[in-house]
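Chemist: Take a look at input.pdb, PDB, C-alpha atoms and all ligand atoms:
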MODEL        1
ATOM      1  CA  MET A 142     -52.791 114.826 -47.155  1.00  0.00           C
ATOM      2  CA  LEU A 143     -49.387 114.003 -45.775  1.00  0.00           C
ATOM      3  CA  GLY A 144     -48.386 110.359 -45.956  1.00  0.00           C
ATOM      4  CA  ARG A 145     -46.983 108.637 -42.868  1.00  0.00           C
ATOM      5  CA  SER A 146     -43.397 109.099 -43.993  1.00  0.00           C
ATOM      6  CA  GLU A 147     -43.828 112.814 -44.729  1.00  0.00           C
ATOM      7  CA  SER A 148     -45.424 113.513 -41.330  1.00  0.00           C
ATOM      8  CA  ARG A 149     -42.482 112.135 -39.361  1.00  0.00           C
ATOM      9  CA  PRO A 150     -39.430 114.250 -38.540  1.00  0.00           C
ATOM     10  CA  THR A 151     -36.338 113.250 -40.463  1.00  0.00           C
ATOM     11  CA  VAL A 152     -32.921 112.267 -39.197  1.00  0.00           C
ATOM     12  CA  LEU A 153     -30.285 112.758 -41.867  1.00  0.00           C
ATOM     13  CA  LEU A 154     -27.332 110.364 -41.805  1.00  0.00           C
ATOM     14  CA  THR A 155     -24.396 110.876 -44.124  1.00  0.00           C
ATOM     15  CA  GLY A 156     -21.225 108.942 -44.903  1.00  0.00           C
ATOM     16  CA  PHE A 157     -18.538 109.590 -47.510  1.00  0.00           C
ATOM     17  CA  GLY A 158     -17.396 108.006 -50.712  1.00  0.00           C
ATOM     18  CA  PRO A 159     -13.751 107.147 -51.508  1.00  0.00           C
ATOM     19  CA  PHE A 160     -10.885 109.636 -51.454  1.00  0.00           C
ATOM     20  CA  PRO A 161      -7.127 109.396 -52.070  1.00  0.00           C
ATOM     21  CA  GLY A 162      -5.722 106.605 -49.899  1.00  0.00           C
ATOM     22  CA  VAL A 163      -9.178 105.188 -49.029  1.00  0.00           C
ATOM     23  CA  ARG A 164     -10.676 103.192 -51.886  1.00  0.00           C
ATOM     24  CA  VAL A 165     -13.610 101.835 -49.862  1.00  0.00           C
ATOM     25  CA  ASN A 166     -14.948 104.248 -47.287  1.00  0.00           C
ATOM     26  CA  ALA A 167     -16.392 102.276 -44.352  1.00  0.00           C
ATOM     27  CA  SER A 168     -18.602 105.208 -43.350  1.00  0.00           C
ATOM     28  CA  ALA A 169     -20.778 104.596 -46.431  1.00  0.00           C
ATOM     29  CA  ALA A 170     -21.662 101.016 -45.456  1.00  0.00           C
ATOM     30  CA  LEU A 171     -22.064 102.059 -41.828  1.00  0.00           C
ATOM     31  CA  VAL A 172     -24.598 104.750 -42.668  1.00  0.00           C
ATOM     32  CA  ARG A 173     -26.609 102.488 -44.994  1.00  0.00           C
ATOM     33  CA  HIS A 174     -26.840  99.710 -42.365  1.00  0.00           C
ATOM     34  CA  LEU A 175     -27.490 102.198 -39.621  1.00  0.00           C
ATOM     35  CA  ALA A 176     -30.434 103.795 -41.420  1.00  0.00           C
ATOM     36  CA  ARG A 177     -32.005 100.367 -41.909  1.00  0.00           C
ATOM     37  CA  VAL A 178     -31.615  99.398 -38.233  1.00  0.00           C
ATOM     38  CA  ALA A 179     -32.723 102.824 -36.990  1.00  0.00           C
ATOM     39  CA  ARG A 180     -35.943 102.681 -39.047  1.00  0.00           C
ATOM     40  CA  GLY A 181     -36.910  99.530 -37.139  1.00  0.00           C
ATOM     41  CA  ARG A 182     -35.831 100.820 -33.736  1.00  0.00           C
ATOM     42  CA  LEU A 183     -37.172 104.383 -33.908  1.00  0.00           C
ATOM     43  CA  PRO A 184     -40.322 104.233 -36.042  1.00  0.00           C
ATOM     44  CA  ALA A 185     -41.462 107.749 -35.021  1.00  0.00           C
ATOM     45  CA  PHE A 186     -38.677 109.125 -37.210  1.00  0.00           C
ATOM     46  CA  ARG A 187     -37.795 108.930 -40.826  1.00  0.00           C
ATOM     47  CA  PHE A 188     -34.150 108.149 -41.619  1.00  0.00           C
ATOM     48  CA  ALA A 189     -32.508 109.435 -44.768  1.00  0.00           C
ATOM     49  CA  ALA A 190     -29.072 108.069 -45.647  1.00  0.00           C
ATOM     50  CA  ALA A 191     -26.804 109.795 -48.161  1.00  0.00           C
ATOM     51  CA  ILE A 192     -23.248 109.205 -49.282  1.00  0.00           C
ATOM     52  CA  LEU A 193     -21.403 112.461 -49.890  1.00  0.00           C
ATOM     53  CA  PRO A 194     -18.779 112.898 -52.572  1.00  0.00           C
ATOM     54  CA  THR A 195     -15.407 113.577 -50.919  1.00  0.00           C
ATOM     55  CA  GLU A 196     -15.035 116.695 -53.021  1.00  0.00           C
ATOM     56  CA  TRP A 197     -14.423 120.280 -51.977  1.00  0.00           C
ATOM     57  CA  ALA A 198     -16.898 121.718 -54.479  1.00  0.00           C
ATOM     58  CA  ARG A 199     -19.686 119.137 -54.456  1.00  0.00           C
ATOM     59  CA  ALA A 200     -19.950 118.105 -50.786  1.00  0.00           C
ATOM     60  CA  PRO A 201     -21.299 121.464 -49.486  1.00  0.00           C
ATOM     61  CA  ARG A 202     -23.780 121.675 -52.370  1.00  0.00           C
ATOM     62  CA  ARG A 203     -25.002 118.167 -51.614  1.00  0.00           C
ATOM     63  CA  ILE A 204     -25.500 119.065 -47.953  1.00  0.00           C
ATOM     64  CA  GLU A 205     -27.587 122.053 -48.958  1.00  0.00           C
ATOM     65  CA  THR A 206     -29.743 119.926 -51.273  1.00  0.00           C
ATOM     66  CA  LEU A 207     -30.293 117.362 -48.523  1.00  0.00           C
ATOM     67  CA  TYR A 208     -31.465 120.056 -46.101  1.00  0.00           C
ATOM     68  CA  GLN A 209     -33.865 121.446 -48.694  1.00  0.00           C
ATOM     69  CA  ARG A 210     -35.249 118.010 -49.419  1.00  0.00           C
ATOM     70  CA  TYR A 211     -35.573 116.569 -45.908  1.00  0.00           C
ATOM     71  CA  HIS A 212     -35.685 119.512 -43.454  1.00  0.00           C
ATOM     72  CA  PRO A 213     -34.027 117.251 -40.863  1.00  0.00           C
ATOM     73  CA  VAL A 214     -34.359 117.746 -37.112  1.00  0.00           C
ATOM     74  CA  LEU A 215     -31.024 115.985 -36.605  1.00  0.00           C
ATOM     75  CA  ALA A 216     -28.083 115.594 -38.994  1.00  0.00           C
ATOM     76  CA  LEU A 217     -25.334 113.157 -38.083  1.00  0.00           C
ATOM     77  CA  HIS A 218     -22.372 112.974 -40.406  1.00  0.00           C
ATOM     78  CA  PHE A 219     -19.937 110.058 -40.385  1.00  0.00           C
ATOM     79  CA  GLY A 220     -16.450 109.770 -41.844  1.00  0.00           C
ATOM     80  CA  VAL A 221     -13.330 107.673 -41.384  1.00  0.00           C
ATOM     81  CA  ALA A 222     -10.075 108.742 -39.744  1.00  0.00           C
ATOM     82  CA  SER A 223      -7.035 106.493 -40.026  1.00  0.00           C
ATOM     83  CA  GLY A 224      -5.829 107.497 -36.563  1.00  0.00           C
ATOM     84  CA  ALA A 225      -9.141 106.837 -34.794  1.00  0.00           C
ATOM     85  CA  HIS A 226      -9.116 103.935 -32.334  1.00  0.00           C
ATOM     86  CA  GLY A 227     -12.785 104.082 -31.567  1.00  0.00           C
ATOM     87  CA  ILE A 228     -15.649 106.509 -31.940  1.00  0.00           C
ATOM     88  CA  ARG A 229     -14.415 110.100 -32.121  1.00  0.00           C
ATOM     89  CA  LEU A 230     -16.999 112.796 -31.598  1.00  0.00           C
ATOM     90  CA  GLU A 231     -16.051 116.080 -33.223  1.00  0.00           C
ATOM     91  CA  ALA A 232     -16.973 119.006 -30.983  1.00  0.00           C
ATOM     92  CA  GLU A 233     -16.468 121.723 -33.610  1.00  0.00           C
ATOM     93  CA  GLY A 234     -15.911 122.514 -37.247  1.00  0.00           C
ATOM     94  CA  ARG A 235     -13.222 125.054 -38.080  1.00  0.00           C
ATOM     95  CA  ASN A 236     -13.267 127.651 -40.800  1.00  0.00           C
ATOM     96  CA  PHE A 237     -10.187 126.446 -42.638  1.00  0.00           C
ATOM     97  CA  CYS A 238      -9.101 123.927 -45.264  1.00  0.00           C
ATOM     98  CA  ARG A 239      -5.922 121.951 -45.520  1.00  0.00           C
ATOM     99  CA  PRO A 240      -4.580 121.865 -49.073  1.00  0.00           C
ATOM    100  CA  PHE A 241      -5.290 118.166 -49.627  1.00  0.00           C
ATOM    101  CA  HIS A 242      -6.482 116.740 -52.912  1.00  0.00           C
ATOM    102  CA  ASP A 243     -10.045 115.498 -52.977  1.00  0.00           C
ATOM    103  CA  ALA A 244     -11.520 112.451 -54.759  1.00  0.00           C
ATOM    104  CA  VAL A 245     -11.305 114.183 -58.150  1.00  0.00           C
ATOM    105  CA  GLY A 246      -7.831 115.591 -57.597  1.00  0.00           C
ATOM    106  CA  GLU A 247      -8.949 119.126 -56.743  1.00  0.00           C
ATOM    107  CA  LEU A 248      -7.581 121.366 -54.014  1.00  0.00           C
ATOM    108  CA  PRO A 249      -9.769 123.711 -51.931  1.00  0.00           C
ATOM    109  CA  MET A 250     -10.517 127.057 -53.582  1.00  0.00           C
ATOM    110  CA  ALA A 251      -9.351 129.068 -50.544  1.00  0.00           C
ATOM    111  CA  ALA A 252      -7.733 128.662 -47.147  1.00  0.00           C
ATOM    112  CA  THR A 253     -11.085 129.206 -45.436  1.00  0.00           C
ATOM    113  CA  LEU A 254     -14.474 127.558 -45.937  1.00  0.00           C
ATOM    114  CA  CYS A 255     -16.427 130.792 -45.670  1.00  0.00           C
ATOM    115  CA  ALA A 256     -14.717 134.198 -45.900  1.00  0.00           C
ATOM    116  CA  ALA A 257     -17.284 135.920 -43.673  1.00  0.00           C
ATOM    117  CA  GLY A 258     -17.921 132.987 -41.315  1.00  0.00           C
ATOM    118  CA  PRO A 259     -16.838 132.570 -37.682  1.00  0.00           C
ATOM    119  CA  ALA A 260     -13.531 130.818 -36.920  1.00  0.00           C
ATOM    120  CA  GLN A 261     -15.370 127.789 -35.583  1.00  0.00           C
ATOM    121  CA  ARG A 262     -18.864 126.418 -35.153  1.00  0.00           C
ATOM    122  CA  ARG A 263     -19.677 124.123 -32.250  1.00  0.00           C
ATOM    123  CA  ALA A 264     -21.548 120.868 -32.812  1.00  0.00           C
ATOM    124  CA  THR A 265     -25.132 121.193 -31.563  1.00  0.00           C
ATOM    125  CA  ILE A 266     -25.583 117.667 -30.219  1.00  0.00           C
ATOM    126  CA  ASP A 267     -24.649 117.107 -26.560  1.00  0.00           C
ATOM    127  CA  VAL A 268     -21.145 115.762 -27.205  1.00  0.00           C
ATOM    128  CA  PRO A 269     -20.074 115.125 -23.549  1.00  0.00           C
ATOM    129  CA  LEU A 270     -23.391 113.406 -22.731  1.00  0.00           C
ATOM    130  CA  ILE A 271     -23.079 111.128 -25.759  1.00  0.00           C
ATOM    131  CA  ALA A 272     -19.416 110.311 -25.024  1.00  0.00           C
ATOM    132  CA  ASP A 273     -20.432 109.390 -21.500  1.00  0.00           C
ATOM    133  CA  ALA A 274     -23.301 107.165 -22.652  1.00  0.00           C
ATOM    134  CA  LEU A 275     -21.003 105.309 -25.057  1.00  0.00           C
ATOM    135  CA  ASN A 276     -18.117 104.870 -22.654  1.00  0.00           C
ATOM    136  CA  ARG A 277     -20.475 103.548 -19.984  1.00  0.00           C
ATOM    137  CA  ARG A 278     -21.528 100.829 -22.410  1.00  0.00           C
ATOM    138  CA  GLY A 279     -17.922  99.911 -23.127  1.00  0.00           C
ATOM    139  CA  TRP A 280     -17.527 101.493 -26.571  1.00  0.00           C
ATOM    140  CA  ARG A 281     -14.332 103.468 -26.719  1.00  0.00           C
ATOM    141  CA  CYS A 282     -15.308 107.055 -27.416  1.00  0.00           C
ATOM    142  CA  SER A 283     -13.298 110.274 -27.346  1.00  0.00           C
ATOM    143  CA  ILE A 284     -14.059 113.946 -27.937  1.00  0.00           C
ATOM    144  CA  SER A 285     -11.995 115.915 -30.424  1.00  0.00           C
ATOM    145  CA  ASN A 286     -11.692 119.639 -31.146  1.00  0.00           C
ATOM    146  CA  ASP A 287      -9.941 119.104 -34.450  1.00  0.00           C
ATOM    147  CA  ALA A 288     -11.950 117.447 -37.210  1.00  0.00           C
ATOM    148  CA  GLY A 289      -8.888 117.488 -39.449  1.00  0.00           C
ATOM    149  CA  GLY A 290      -9.204 120.341 -41.945  1.00  0.00           C
ATOM    150  CA  TYR A 291     -10.251 118.044 -44.792  1.00  0.00           C
ATOM    151  CA  LEU A 292     -13.744 117.189 -46.056  1.00  0.00           C
ATOM    152  CA  CYS A 293     -15.090 115.943 -42.701  1.00  0.00           C
ATOM    153  CA  ASN A 294     -14.322 119.276 -41.091  1.00  0.00           C
ATOM    154  CA  ALA A 295     -15.772 121.082 -44.125  1.00  0.00           C
ATOM    155  CA  VAL A 296     -19.030 119.120 -43.999  1.00  0.00           C
ATOM    156  CA  LEU A 297     -19.432 119.683 -40.261  1.00  0.00           C
ATOM    157  CA  TYR A 298     -18.841 123.426 -40.665  1.00  0.00           C
ATOM    158  CA  HIS A 299     -21.169 123.778 -43.674  1.00  0.00           C
ATOM    159  CA  SER A 300     -23.876 121.647 -42.096  1.00  0.00           C
ATOM    160  CA  LEU A 301     -23.798 123.763 -38.929  1.00  0.00           C
ATOM    161  CA  THR A 302     -24.029 126.916 -41.059  1.00  0.00           C
ATOM    162  CA  ILE A 303     -27.104 125.665 -42.915  1.00  0.00           C
ATOM    163  CA  ALA A 304     -28.739 123.974 -39.903  1.00  0.00           C
ATOM    164  CA  GLY A 305     -29.076 127.272 -38.039  1.00  0.00           C
ATOM    165  CA  GLY A 306     -31.929 128.314 -40.309  1.00  0.00           C
ATOM    166  CA  HIS A 307     -33.618 124.912 -40.048  1.00  0.00           C
ATOM    167  CA  GLY A 308     -33.540 124.431 -36.269  1.00  0.00           C
ATOM    168  CA  CYS A 309     -31.607 121.216 -36.836  1.00  0.00           C
ATOM    169  CA  ARG A 310     -29.033 119.708 -34.488  1.00  0.00           C
ATOM    170  CA  VAL A 311     -25.754 118.605 -36.027  1.00  0.00           C
ATOM    171  CA  GLY A 312     -22.943 116.262 -35.068  1.00  0.00           C
ATOM    172  CA  PHE A 313     -19.935 114.619 -36.684  1.00  0.00           C
ATOM    173  CA  ILE A 314     -18.584 111.192 -35.848  1.00  0.00           C
ATOM    174  CA  HIS A 315     -15.236 109.843 -36.992  1.00  0.00           C
ATOM    175  CA  VAL A 316     -14.775 106.069 -37.008  1.00  0.00           C
ATOM    176  CA  PRO A 317     -11.644 103.989 -37.761  1.00  0.00           C
ATOM    177  CA  SER A 318     -11.062 103.467 -41.481  1.00  0.00           C
ATOM    178  CA  ASP A 319     -11.134  99.688 -41.117  1.00  0.00           C
ATOM    179  CA  LEU A 320     -14.331  98.442 -39.488  1.00  0.00           C
ATOM    180  CA  ALA A 321     -13.531  94.822 -40.373  1.00  0.00           C
ATOM    181  CA  THR A 322     -11.025  94.468 -37.535  1.00  0.00           C
ATOM    182  CA  GLN A 323     -10.562  95.520 -33.930  1.00  0.00           C
ATOM    183  CA  PRO A 324     -10.689  97.954 -32.135  1.00  0.00           C
ATOM    184  CA  LEU A 325     -14.126  98.722 -33.618  1.00  0.00           C
ATOM    185  CA  ARG A 326     -15.992  96.316 -35.864  1.00  0.00           C
ATOM    186  CA  MET A 327     -18.937  97.257 -38.041  1.00  0.00           C
ATOM    187  CA  ALA A 328     -21.546  95.707 -35.700  1.00  0.00           C
ATOM    188  CA  GLU A 329     -20.155  97.612 -32.714  1.00  0.00           C
ATOM    189  CA  ALA A 330     -19.883 100.847 -34.693  1.00  0.00           C
ATOM    190  CA  GLU A 331     -23.504 100.399 -35.732  1.00  0.00           C
ATOM    191  CA  ALA A 332     -24.688  99.746 -32.163  1.00  0.00           C
ATOM    192  CA  ALA A 333     -22.718 102.723 -30.870  1.00  0.00           C
ATOM    193  CA  ALA A 334     -24.076 104.944 -33.657  1.00  0.00           C
ATOM    194  CA  LEU A 335     -27.619 103.889 -32.804  1.00  0.00           C
ATOM    195  CA  LYS A 336     -26.987 104.954 -29.206  1.00  0.00           C
ATOM    196  CA  ILE A 337     -25.648 108.295 -30.493  1.00  0.00           C
ATOM    197  CA  ILE A 338     -28.880 108.817 -32.419  1.00  0.00           C
ATOM    198  CA  GLU A 339     -31.012 107.953 -29.375  1.00  0.00           C
ATOM    199  CA  VAL A 340     -29.155 110.313 -27.035  1.00  0.00           C
ATOM    200  CA  ALA A 341     -29.031 113.093 -29.642  1.00  0.00           C
ATOM    201  CA  LEU A 342     -32.792 112.815 -30.153  1.00  0.00           C
ATOM    202  CA  GLU A 343     -33.630 113.180 -26.444  1.00  0.00           C
ATOM    203  CA  PRO A 344     -33.738 117.012 -26.355  1.00  0.00           C
ATOM    204  CA  ILE A 345     -35.691 117.032 -29.620  1.00  0.00           C
ATOM    205  CA  ARG A 346     -38.310 114.678 -28.157  1.00  0.00           C
ATOM    206  CA  THR A 347     -38.461 116.753 -24.959  1.00  0.00           C
ATOM    207  CA  ALA A 348     -38.928 120.008 -26.884  1.00  0.00           C
ATOM    208  CA  ALA A 349     -41.704 118.437 -28.959  1.00  0.00           C
ATOM    209  CA  ALA A 350     -43.430 117.079 -25.840  1.00  0.00           C
ATOM    210  CA  GLU A 351     -43.343 120.535 -24.215  1.00  0.00           C
ATOM    211  CA  THR A 352     -44.748 122.353 -27.248  1.00  0.00           C
ATOM    212  CA  PRO A 353     -48.547 122.840 -27.209  1.00  0.00           C
ATOM    213  CA  ALA A 354     -50.170 120.774 -29.964  1.00  0.00           C
ATOM    214  CA  GLN A 355     -51.402 123.728 -32.061  1.00  0.00           C
ATOM    215  CA  GLY A 356     -47.976 125.380 -31.910  1.00  0.00           C
ATOM    216  CA  ARG A 357     -46.204 122.416 -33.437  1.00  0.00           C
ATOM    217  CA  THR A 358     -44.799 122.485 -36.900  1.00  0.00           C
ATOM    218  CA  SER A 359     -44.574 119.518 -39.221  1.00  0.00           C
ATOM    219  CA  SER A 360     -40.876 119.275 -38.381  1.00  0.00           C
ATOM    220  CA  MET A 361     -41.589 118.554 -34.718  1.00  0.00           C
ATOM    221  CA  LEU A 362     -41.897 115.147 -33.254  1.00  0.00           C
ATOM    222  CA  PRO A 363     -45.404 113.754 -32.853  1.00  0.00           C
ATOM    223  CA  LYS A 364     -45.822 112.804 -29.213  1.00  0.00           C
TER     224      LYS A 364
HETATM  225  N1  LIG B   1     -12.685 111.104 -43.970  1.00  0.00           N
HETATM  226  C1  LIG B   1     -12.075 112.308 -44.460  1.00  0.00           C
HETATM  227  C2  LIG B   1     -13.008 112.802 -45.532  1.00  0.00           C
HETATM  228  C3  LIG B   1     -13.915 111.661 -45.859  1.00  0.00           C
HETATM  229  C4  LIG B   1     -13.706 110.698 -44.748  1.00  0.00           C
HETATM  230  O1  LIG B   1     -14.352 109.650 -44.569  1.00  0.00           O
HETATM  231  C5  LIG B   1     -11.812 113.326 -43.355  1.00  0.00           C
HETATM  232  O2  LIG B   1     -11.531 112.914 -42.213  1.00  0.00           O
HETATM  233  O3  LIG B   1     -11.864 114.531 -43.600  1.00  0.00           O
ENDMDL
END
Now that the file is in, can you turn its structure into structure tokens?
Ligand code: PCA
Modeler:
Amino acid sequence: MLGRSESRPTVLLTGFGPFPGVRVNASAALVRHLARVARGRLPAFRFAAAILPTEWARAPRRIETLYQRYHPVLALHFGVASGAHGIRLEAEGRNFCRPFHDAVGELPMAATLCAAGPAQRRATIDVPLIADALNRRGWRCSISNDAGGYLCNAVLYHSLTIAGGHGCRVGFIHVPSDLATQPLRMAEAEAAALKIIEVALEPIRTAAAETPAQGRTSSMLPK
């Protein structure tokens, strides 16, 4: 018999570990807090939090393992960007890598993430709707078409590639690298991220509600 936790659809939340120039990555603490708060606020879902290594070779493998383990209905990835002044929603991942050293001093193996892949993959959460919901509540939120060409872009692209086969929606959120000071403090980032989860889950809830009971799979939301 499935236990309560196994019967609920999973939301996967990821942050990153350190990388050159960023010794403490604020996205890791954000994701851990966020998962705790979200479990209380949205008990119909299971929340899995993972901190990804900021490494060209290991990050995509970790993403794949997380999909195999959790079969998430929604994957939201978080990372820091030094130039971000608020929440930055990434609208697409691009099939390229900038030659920047990762956390273990390695460079990407090639100029592209996937030789046979499309030039870009669009995020599958409703980015404009989420930006609107956040801005209306006073959290500064922008939409970006350039996730940077480093590991955040790579994770978004890889996650979108894998998610296709799982029917999972995917988004990437950049936050400022310092969440201890203005313009965005940790508590605000957490509240805004919770709103992102709620809005991103709306179409998933609607789809589950419209699916006849016997047609549902274990990955769909119980009504
Ligand atoms: N930011 C980097 C990688 C890890 C992170 O938090 C980026 O923007 O690609």
Chemist: How big is the axis-aligned box around all listed atoms of ligand LIG 1 (chain B) once 5 Å goes on each side, and where's its centre, in Å to one decimal, as JSON?
Modeler:
{"center_x": -12.9, "center_y": 112.1, "center_z": -44.0, "size_x": 12.8, "size_y": 14.9, "size_z": 13.6}
Chemist: Which residues, named as in the file, does the PyMOL selection byres (((chain A and resi 199) around 12) and not hetatm) pick out? Answer as a list in words.
Modeler: Phe157, Gly158, Ile192, Leu193, Pro194, Thr195, Glu196, Trp197, Ala198, Ala200, Pro201, Arg202, Arg203, Ile204, Glu205, Thr206, Asp243, Ala244, Val245, Glu247, Pro249, Leu292, Ala295, Val296 and His299 of chain A
Chemist: Please, which residues have at least one atom within 6 Å of an atom of ligand LIG 1 (chain B), using all atoms listed in the file, listed as a VMD selection string?
Modeler: chain A and resid 157 195 220 to 222 289 291 to 294
Chemist: Near A:Thr151, counting all atoms listed in the file, which residues have an atom at most 7 Å away, once you skip same-chain residues fewer than 6 positions from it, shown as a ChimeraX atom specification?
Modeler: /A:186-189,211-214
Chemist: Tell me, as a PyMOL selection string, which residues lie within 12 Å of A:Cys309, counting all atoms listed in the file; anything in the same chain fewer than 6 positions away does not count.
Modeler: chain A and resi 150-153+208+211-217+264-266+300-303+341-342+344-345+360-361
Chemist: Can you list what the PyMOL selection byres (((chain A and resi 229) around 9) and not hetatm) grabs from this structure, as an MDAnalysis selection string?
Modeler: chainID A and resid 222 225:228 230:231 272 281:285 313:317
Chemist: For A:Leu154, which of A:Ala257, A:Leu171, A:Ile271, A:Leu248 is the closest residue, counting all atoms listed in the file?
Modeler: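 With all atoms listed in the file as the atom set, the closest residue is A:Leu171.
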Chemist: Between atom CA of A:Tyr298 and atom CA of A:Ala169, what distance in Å does the model show, to one decimal?
Modeler: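 Spanning atom CA of A:Tyr298 to atom CA of A:Ala169 is a straight-line distance of 19.8 Å.
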Chemist: Go through A:Ala185, A:Ala191, A:Met250, A:Ile337 and flag the residue nearest A:Thr155, using only C-alpha atoms for the distances.
Modeler: A:Ala191
Chemist: Which of these, A:Thr322, A:Ala170, A:Gly162, A:Ala348, has the shortest distance to A:Gly308 once you count all atoms listed in the file?
Modeler: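 Of the candidates, the smallest distance to A:Gly308 is held by A:Ala348.
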Chemist: Evaluating the PyMOL selection byres (((chain A and resi 235-240) around 7) and not hetatm) on the displayed file yields which residues, as a list in words?
Modeler: Glu233, Gly234, Phe241, His242, Leu248, Pro249, Ala252, Thr253, Leu254, Cys255, Pro259, Ala260, Gln261, Arg262, Gly290, Tyr291, Asn294 and Tyr298 of chain A
